[in-house]
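Peer 1: Got a structure for you, questions after.
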Amino acid sequence: MDLIPSFQVDHTKLVPGIYVSRIDTIGNEFATTFDIRMKTPNVEPAIHPNAMHSIEHVVATFLRNDPEWKDKVIYWGPMGCLTGCYLIMKGKPTPQEILPLMIRAFEYCRDYDDVIPGALPVNCGNYLLHDLQIAKYESKLFVDVLKTKPCFDYPTSQRIETEKGLTFFDS
């Protein structure tokens, strides 16, 4: 099977930032998946699952209530590797266009000091898996990156074919 595009990104050179992971066509419409990368993969520790769960709840609530962008948000959720989140939006906005939104969303999470939205047994499938304080800390770190040195271009891997016909990925 072919390696899916997100696994063709050179994770040894990937740094925190906002990247276009893919653009899908649905009829005449587009859906853009953003890689909101908060940590350097395989270098920095991953975000603790409890903190990531809290980031998911707080930032999702912010995004779905943002007056300018709420109607364009399709999905917000964590990556399995816990180094960032995926944001799926209607249309083809660029990373640079959503940068101010991401700064506001993570500032909101950094400054959030209330009950985590939807963190009750009736609303959440694992309501005890939260840590708002670490979520706030991780959000602060990411806001600092977004404000000082955001990255928008993926490093990619290339498929190499050897003389024996073997293929592999190399950066």
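Ligands are numbered from 1 in the order shown, residues from 1 within each chain, and chains are lettered A, B, ... in the order they appear in the structure tokens.
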Name all residues at most 8 Å from stretch 95-101 of chain A (count only C-alpha atoms; drop same-chain ones fewer than 4 positions away) and give them as a ChimeraX atom specification.

Peer 2: /A:18-20,34,105,146,152

Peer 1: Could you go through chain A and tell me which residues DSSP, when run on the backbone, assigns to strand (DSSP E), listing them as a ChimeraX atom specification?

Peer 2: /A:17-26,29-37,73-78,84-90,158-161,167-170

Peer 1: For N, CA and C atoms, I'd like the residues from the last selection saved as a compact mmCIF listing (two decimals), in the first residue's frame.

Peer 2:
# COMPACT_ATOMS: atom_id res chain seq x y z
N GLY A 17 4.22 24.56 14.39
CA GLY A 17 3.71 25.51 13.41
C GLY A 17 2.33 25.13 12.95
N ILE A 18 1.91 25.74 11.85
CA ILE A 18 0.60 25.50 11.26
C ILE A 18 0.85 25.09 9.81
N TYR A 19 0.39 23.89 9.45
CA TYR A 19 0.67 23.33 8.13
C TYR A 19 -0.63 22.88 7.47
N VAL A 20 -0.68 22.96 6.15
CA VAL A 20 -1.78 22.35 5.41
C VAL A 20 -1.42 20.88 5.25
N SER A 21 -2.22 20.03 5.86
CA SER A 21 -1.99 18.59 5.77
C SER A 21 -2.58 18.05 4.47
N ARG A 22 -3.77 18.53 4.11
CA ARG A 22 -4.42 18.10 2.87
C ARG A 22 -5.58 19.03 2.54
N ILE A 23 -5.95 19.04 1.28
CA ILE A 23 -7.14 19.75 0.82
C ILE A 23 -7.98 18.75 0.05
N ASP A 24 -9.20 18.55 0.51
CA ASP A 24 -10.12 17.61 -0.13
C ASP A 24 -11.20 18.37 -0.89
N THR A 25 -11.66 17.76 -1.96
CA THR A 25 -12.76 18.32 -2.74
C THR A 25 -14.01 17.51 -2.44
N ILE A 26 -15.09 18.22 -2.13
CA ILE A 26 -16.37 17.58 -1.86
C ILE A 26 -17.37 18.28 -2.77
N GLU A 29 -17.03 22.08 -3.34
CA GLU A 29 -16.50 22.68 -2.12
C GLU A 29 -15.15 22.07 -1.76
N PHE A 30 -14.42 22.77 -0.88
CA PHE A 30 -13.14 22.29 -0.40
C PHE A 30 -13.18 22.16 1.12
N ALA A 31 -12.41 21.22 1.62
CA ALA A 31 -12.18 21.07 3.06
C ALA A 31 -10.67 20.99 3.25
N THR A 32 -10.15 21.87 4.09
CA THR A 32 -8.71 21.92 4.35
C THR A 32 -8.43 21.37 5.73
N THR A 33 -7.52 20.40 5.78
CA THR A 33 -7.08 19.85 7.06
C THR A 33 -5.75 20.50 7.42
N PHE A 34 -5.72 21.11 8.59
CA PHE A 34 -4.51 21.74 9.10
C PHE A 34 -3.88 20.87 10.17
N ASP A 35 -2.57 20.78 10.11
CA ASP A 35 -1.75 20.15 11.14
C ASP A 35 -1.32 21.30 12.06
N ILE A 36 -1.90 21.34 13.24
CA ILE A 36 -1.55 22.36 14.23
C ILE A 36 -0.53 21.69 15.15
N ARG A 37 0.74 21.82 14.78
CA ARG A 37 1.82 21.08 15.43
C ARG A 37 2.37 21.88 16.60
N VAL A 73 -15.55 26.00 10.69
CA VAL A 73 -14.92 24.91 11.44
C VAL A 73 -15.72 23.62 11.27
N ILE A 74 -15.06 22.58 10.79
CA ILE A 74 -15.69 21.27 10.64
C ILE A 74 -15.30 20.37 11.81
N TYR A 75 -14.02 20.39 12.16
CA TYR A 75 -13.53 19.46 13.19
C TYR A 75 -12.29 20.03 13.85
N TRP A 76 -12.16 19.76 15.15
CA TRP A 76 -10.96 20.06 15.92
C TRP A 76 -10.70 18.88 16.83
N GLY A 77 -9.50 18.31 16.79
CA GLY A 77 -9.20 17.19 17.68
C GLY A 77 -7.72 16.85 17.71
N PRO A 78 -7.31 16.09 18.71
CA PRO A 78 -5.89 15.78 18.90
C PRO A 78 -5.37 14.74 17.92
N GLY A 84 0.18 17.51 18.63
CA GLY A 84 -0.61 18.60 18.05
C GLY A 84 -2.04 18.17 17.81
N CYS A 85 -2.73 19.00 17.04
CA CYS A 85 -4.15 18.76 16.75
C CYS A 85 -4.41 18.92 15.26
N TYR A 86 -5.54 18.39 14.83
CA TYR A 86 -6.01 18.63 13.47
C TYR A 86 -7.18 19.59 13.52
N LEU A 87 -7.18 20.52 12.59
CA LEU A 87 -8.29 21.44 12.40
C LEU A 87 -8.74 21.28 10.96
N ILE A 88 -10.00 20.92 10.76
CA ILE A 88 -10.56 20.81 9.42
C ILE A 88 -11.52 21.96 9.22
N MET A 89 -11.33 22.70 8.13
CA MET A 89 -12.13 23.89 7.85
C MET A 89 -12.70 23.84 6.44
N LYS A 90 -13.85 24.45 6.28
CA LYS A 90 -14.44 24.62 4.95
C LYS A 90 -13.58 25.59 4.15
N GLN A 158 11.23 11.89 0.51
CA GLN A 158 11.15 11.48 -0.87
C GLN A 158 11.30 9.97 -0.94
N ARG A 159 10.57 9.35 -1.86
CA ARG A 159 10.68 7.91 -2.05
C ARG A 159 11.88 7.63 -2.94
N ILE A 160 12.74 6.74 -2.48
CA ILE A 160 13.95 6.39 -3.21
C ILE A 160 13.82 4.94 -3.67
N GLU A 161 14.17 4.66 -4.90
CA GLU A 161 14.15 3.29 -5.40
C GLU A 161 15.58 2.86 -5.63
N THR A 167 11.95 0.20 -2.39
CA THR A 167 11.63 1.60 -2.19
C THR A 167 11.58 1.90 -0.71
N PHE A 168 12.02 3.07 -0.36
CA PHE A 168 11.96 3.51 1.02
C PHE A 168 11.92 5.03 1.02
N PHE A 169 11.66 5.61 2.16
CA PHE A 169 11.60 7.05 2.28
C PHE A 169 12.85 7.57 2.93
N ASP A 170 13.34 8.65 2.41
CA ASP A 170 14.54 9.29 2.94
C ASP A 170 14.29 10.79 2.94

Peer 1: Compile the contact shell of stretch 108-123 of chain A as a list in words: residues with an atom at most 7 Å away, counting only C-alpha atoms, same-chain residues fewer than 2 positions apart removed.

Peer 2: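 The filter keeps Ser54, Ile55, His57, Val58, Val59, Arg104, Ala105, Phe106, Gly125, Tyr127, Lys136, Tyr137, Ser139 and Lys140 of chain A.
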
Peer 1: Since we have the selection now, will you write its residues out, keeping all heavy atoms, as an mmCIF file, in the first residue's frame?

Peer 2:
data_model
loop_
_atom_site.group_PDB
_atom_site.id
_atom_site.type_symbol
_atom_site.label_atom_id
_atom_site.label_comp_id
_atom_site.auth_asym_id
_atom_site.auth_seq_id
_atom_site.Cartn_x
_atom_site.Cartn_y
_atom_site.Cartn_z
ATOM 1 N N SER A 54 -8.011 18.411 27.655
ATOM 2 C CA SER A 54 -8.499 19.734 28.073
ATOM 3 C C SER A 54 -8.323 20.764 26.960
ATOM 4 O O SER A 54 -9.205 21.599 26.725
ATOM 5 C CB SER A 54 -7.775 20.196 29.339
ATOM 6 O OG SER A 54 -8.058 19.310 30.403
ATOM 7 N N ILE A 55 -7.184 20.713 26.261
ATOM 8 C CA ILE A 55 -6.981 21.611 25.113
ATOM 9 C C ILE A 55 -8.067 21.368 24.073
ATOM 10 O O ILE A 55 -8.637 22.311 23.524
ATOM 11 C CB ILE A 55 -5.568 21.403 24.511
ATOM 12 C CG1 ILE A 55 -4.500 21.946 25.461
ATOM 13 C CG2 ILE A 55 -5.459 22.070 23.135
ATOM 14 C CD1 ILE A 55 -3.078 21.544 25.099
ATOM 15 N N HIS A 57 -11.143 20.287 24.464
ATOM 16 C CA HIS A 57 -12.433 20.833 24.896
ATOM 17 C C HIS A 57 -12.456 22.364 24.861
ATOM 18 O O HIS A 57 -13.408 22.960 24.349
ATOM 19 C CB HIS A 57 -12.757 20.353 26.317
ATOM 20 C CG HIS A 57 -13.346 18.992 26.371
ATOM 21 N ND1 HIS A 57 -14.559 18.727 26.961
ATOM 22 C CD2 HIS A 57 -12.882 17.783 25.934
ATOM 23 C CE1 HIS A 57 -14.825 17.433 26.891
ATOM 24 N NE2 HIS A 57 -13.805 16.832 26.268
ATOM 25 N N VAL A 58 -11.426 22.986 25.411
ATOM 26 C CA VAL A 58 -11.415 24.455 25.512
ATOM 27 C C VAL A 58 -11.275 25.094 24.136
ATOM 28 O O VAL A 58 -12.027 26.020 23.786
ATOM 29 C CB VAL A 58 -10.303 24.935 26.478
ATOM 30 C CG1 VAL A 58 -10.182 26.449 26.465
ATOM 31 C CG2 VAL A 58 -10.573 24.430 27.899
ATOM 32 N N VAL A 59 -10.330 24.608 23.330
ATOM 33 C CA VAL A 59 -10.111 25.213 22.014
ATOM 34 C C VAL A 59 -11.291 24.914 21.083
ATOM 35 O O VAL A 59 -11.726 25.804 20.328
ATOM 36 C CB VAL A 59 -8.766 24.774 21.403
ATOM 37 C CG1 VAL A 59 -8.629 25.258 19.963
ATOM 38 C CG2 VAL A 59 -7.606 25.314 22.248
ATOM 39 N N ARG A 104 -5.416 33.494 18.991
ATOM 40 C CA ARG A 104 -6.536 33.811 19.898
ATOM 41 C C ARG A 104 -7.035 32.563 20.622
ATOM 42 O O ARG A 104 -7.328 32.600 21.820
ATOM 43 C CB ARG A 104 -7.682 34.468 19.136
ATOM 44 C CG ARG A 104 -7.398 35.867 18.677
ATOM 45 C CD ARG A 104 -8.638 36.654 18.235
ATOM 46 N NE ARG A 104 -9.642 35.919 17.493
ATOM 47 C CZ ARG A 104 -9.649 35.742 16.174
ATOM 48 N NH1 ARG A 104 -8.674 36.231 15.432
ATOM 49 N NH2 ARG A 104 -10.631 35.084 15.582
ATOM 50 N N ALA A 105 -7.135 31.436 19.907
ATOM 51 C CA ALA A 105 -7.644 30.195 20.505
ATOM 52 C C ALA A 105 -6.720 29.712 21.620
ATOM 53 O O ALA A 105 -7.187 29.337 22.705
ATOM 54 C CB ALA A 105 -7.793 29.120 19.427
ATOM 55 N N PHE A 106 -5.419 29.740 21.369
ATOM 56 C CA PHE A 106 -4.491 29.251 22.382
ATOM 57 C C PHE A 106 -4.269 30.276 23.496
ATOM 58 O O PHE A 106 -3.979 29.884 24.633
ATOM 59 C CB PHE A 106 -3.191 28.771 21.737
ATOM 60 C CG PHE A 106 -3.342 27.399 21.141
ATOM 61 C CD1 PHE A 106 -3.686 27.244 19.809
ATOM 62 C CD2 PHE A 106 -3.200 26.271 21.929
ATOM 63 C CE1 PHE A 106 -3.861 25.979 19.266
ATOM 64 C CE2 PHE A 106 -3.372 25.004 21.395
ATOM 65 C CZ PHE A 106 -3.704 24.857 20.052
ATOM 66 N N GLY A 125 -16.927 11.344 27.202
ATOM 67 C CA GLY A 125 -16.692 9.915 27.337
ATOM 68 C C GLY A 125 -15.605 9.531 28.328
ATOM 69 O O GLY A 125 -15.483 8.369 28.697
ATOM 70 N N TYR A 127 -14.568 11.927 31.274
ATOM 71 C CA TYR A 127 -14.585 13.236 31.922
ATOM 72 C C TYR A 127 -13.513 13.424 32.998
ATOM 73 O O TYR A 127 -13.191 14.551 33.358
ATOM 74 C CB TYR A 127 -15.976 13.540 32.497
ATOM 75 C CG TYR A 127 -16.278 12.849 33.802
ATOM 76 C CD1 TYR A 127 -16.198 13.548 35.005
ATOM 77 C CD2 TYR A 127 -16.641 11.511 33.846
ATOM 78 C CE1 TYR A 127 -16.469 12.925 36.214
ATOM 79 C CE2 TYR A 127 -16.918 10.881 35.039
ATOM 80 C CZ TYR A 127 -16.829 11.597 36.217
ATOM 81 O OH TYR A 127 -17.106 10.980 37.411
ATOM 82 N N LYS A 136 -3.047 24.778 30.051
ATOM 83 C CA LYS A 136 -2.733 26.207 30.018
ATOM 84 C C LYS A 136 -1.240 26.429 29.767
ATOM 85 O O LYS A 136 -0.852 27.301 28.976
ATOM 86 C CB LYS A 136 -3.174 26.876 31.322
ATOM 87 C CG LYS A 136 -4.691 26.910 31.491
ATOM 88 C CD LYS A 136 -5.113 27.345 32.866
ATOM 89 C CE LYS A 136 -4.753 28.768 33.116
ATOM 90 N NZ LYS A 136 -5.523 29.411 34.180
ATOM 91 N N TYR A 137 -0.415 25.633 30.408
ATOM 92 C CA TYR A 137 1.034 25.723 30.226
ATOM 93 C C TYR A 137 1.421 25.409 28.775
ATOM 94 O O TYR A 137 2.184 26.155 28.145
ATOM 95 C CB TYR A 137 1.728 24.762 31.190
ATOM 96 C CG TYR A 137 3.208 24.624 30.944
ATOM 97 C CD1 TYR A 137 4.098 25.620 31.350
ATOM 98 C CD2 TYR A 137 3.721 23.510 30.292
ATOM 99 C CE1 TYR A 137 5.464 25.495 31.119
ATOM 100 C CE2 TYR A 137 5.082 23.375 30.061
ATOM 101 C CZ TYR A 137 5.948 24.379 30.472
ATOM 102 O OH TYR A 137 7.286 24.256 30.228
ATOM 103 N N SER A 139 -0.463 25.575 26.168
ATOM 104 C CA SER A 139 -1.015 26.637 25.313
ATOM 105 C C SER A 139 -0.127 27.865 25.330
ATOM 106 O O SER A 139 0.087 28.505 24.294
ATOM 107 C CB SER A 139 -2.435 26.988 25.759
ATOM 108 O OG SER A 139 -3.284 25.881 25.555
ATOM 109 N N LYS A 140 0.408 28.204 26.493
ATOM 110 C CA LYS A 140 1.324 29.344 26.593
ATOM 111 C C LYS A 140 2.555 29.116 25.732
ATOM 112 O O LYS A 140 2.986 30.003 24.992
ATOM 113 C CB LYS A 140 1.739 29.575 28.041
ATOM 114 C CG LYS A 140 2.731 30.732 28.201
ATOM 115 C CD LYS A 140 3.476 30.673 29.516
ATOM 116 C CE LYS A 140 4.514 31.748 29.656
ATOM 117 N NZ LYS A 140 5.454 31.891 28.543
#

Peer 1: By how many Å are atom CA of A:Thr94 and atom CA of A:Ala46 apart?

Peer 2: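 About the pair atom CA of A:Thr94 and atom CA of A:Ala46: they are 25.8 Å apart.
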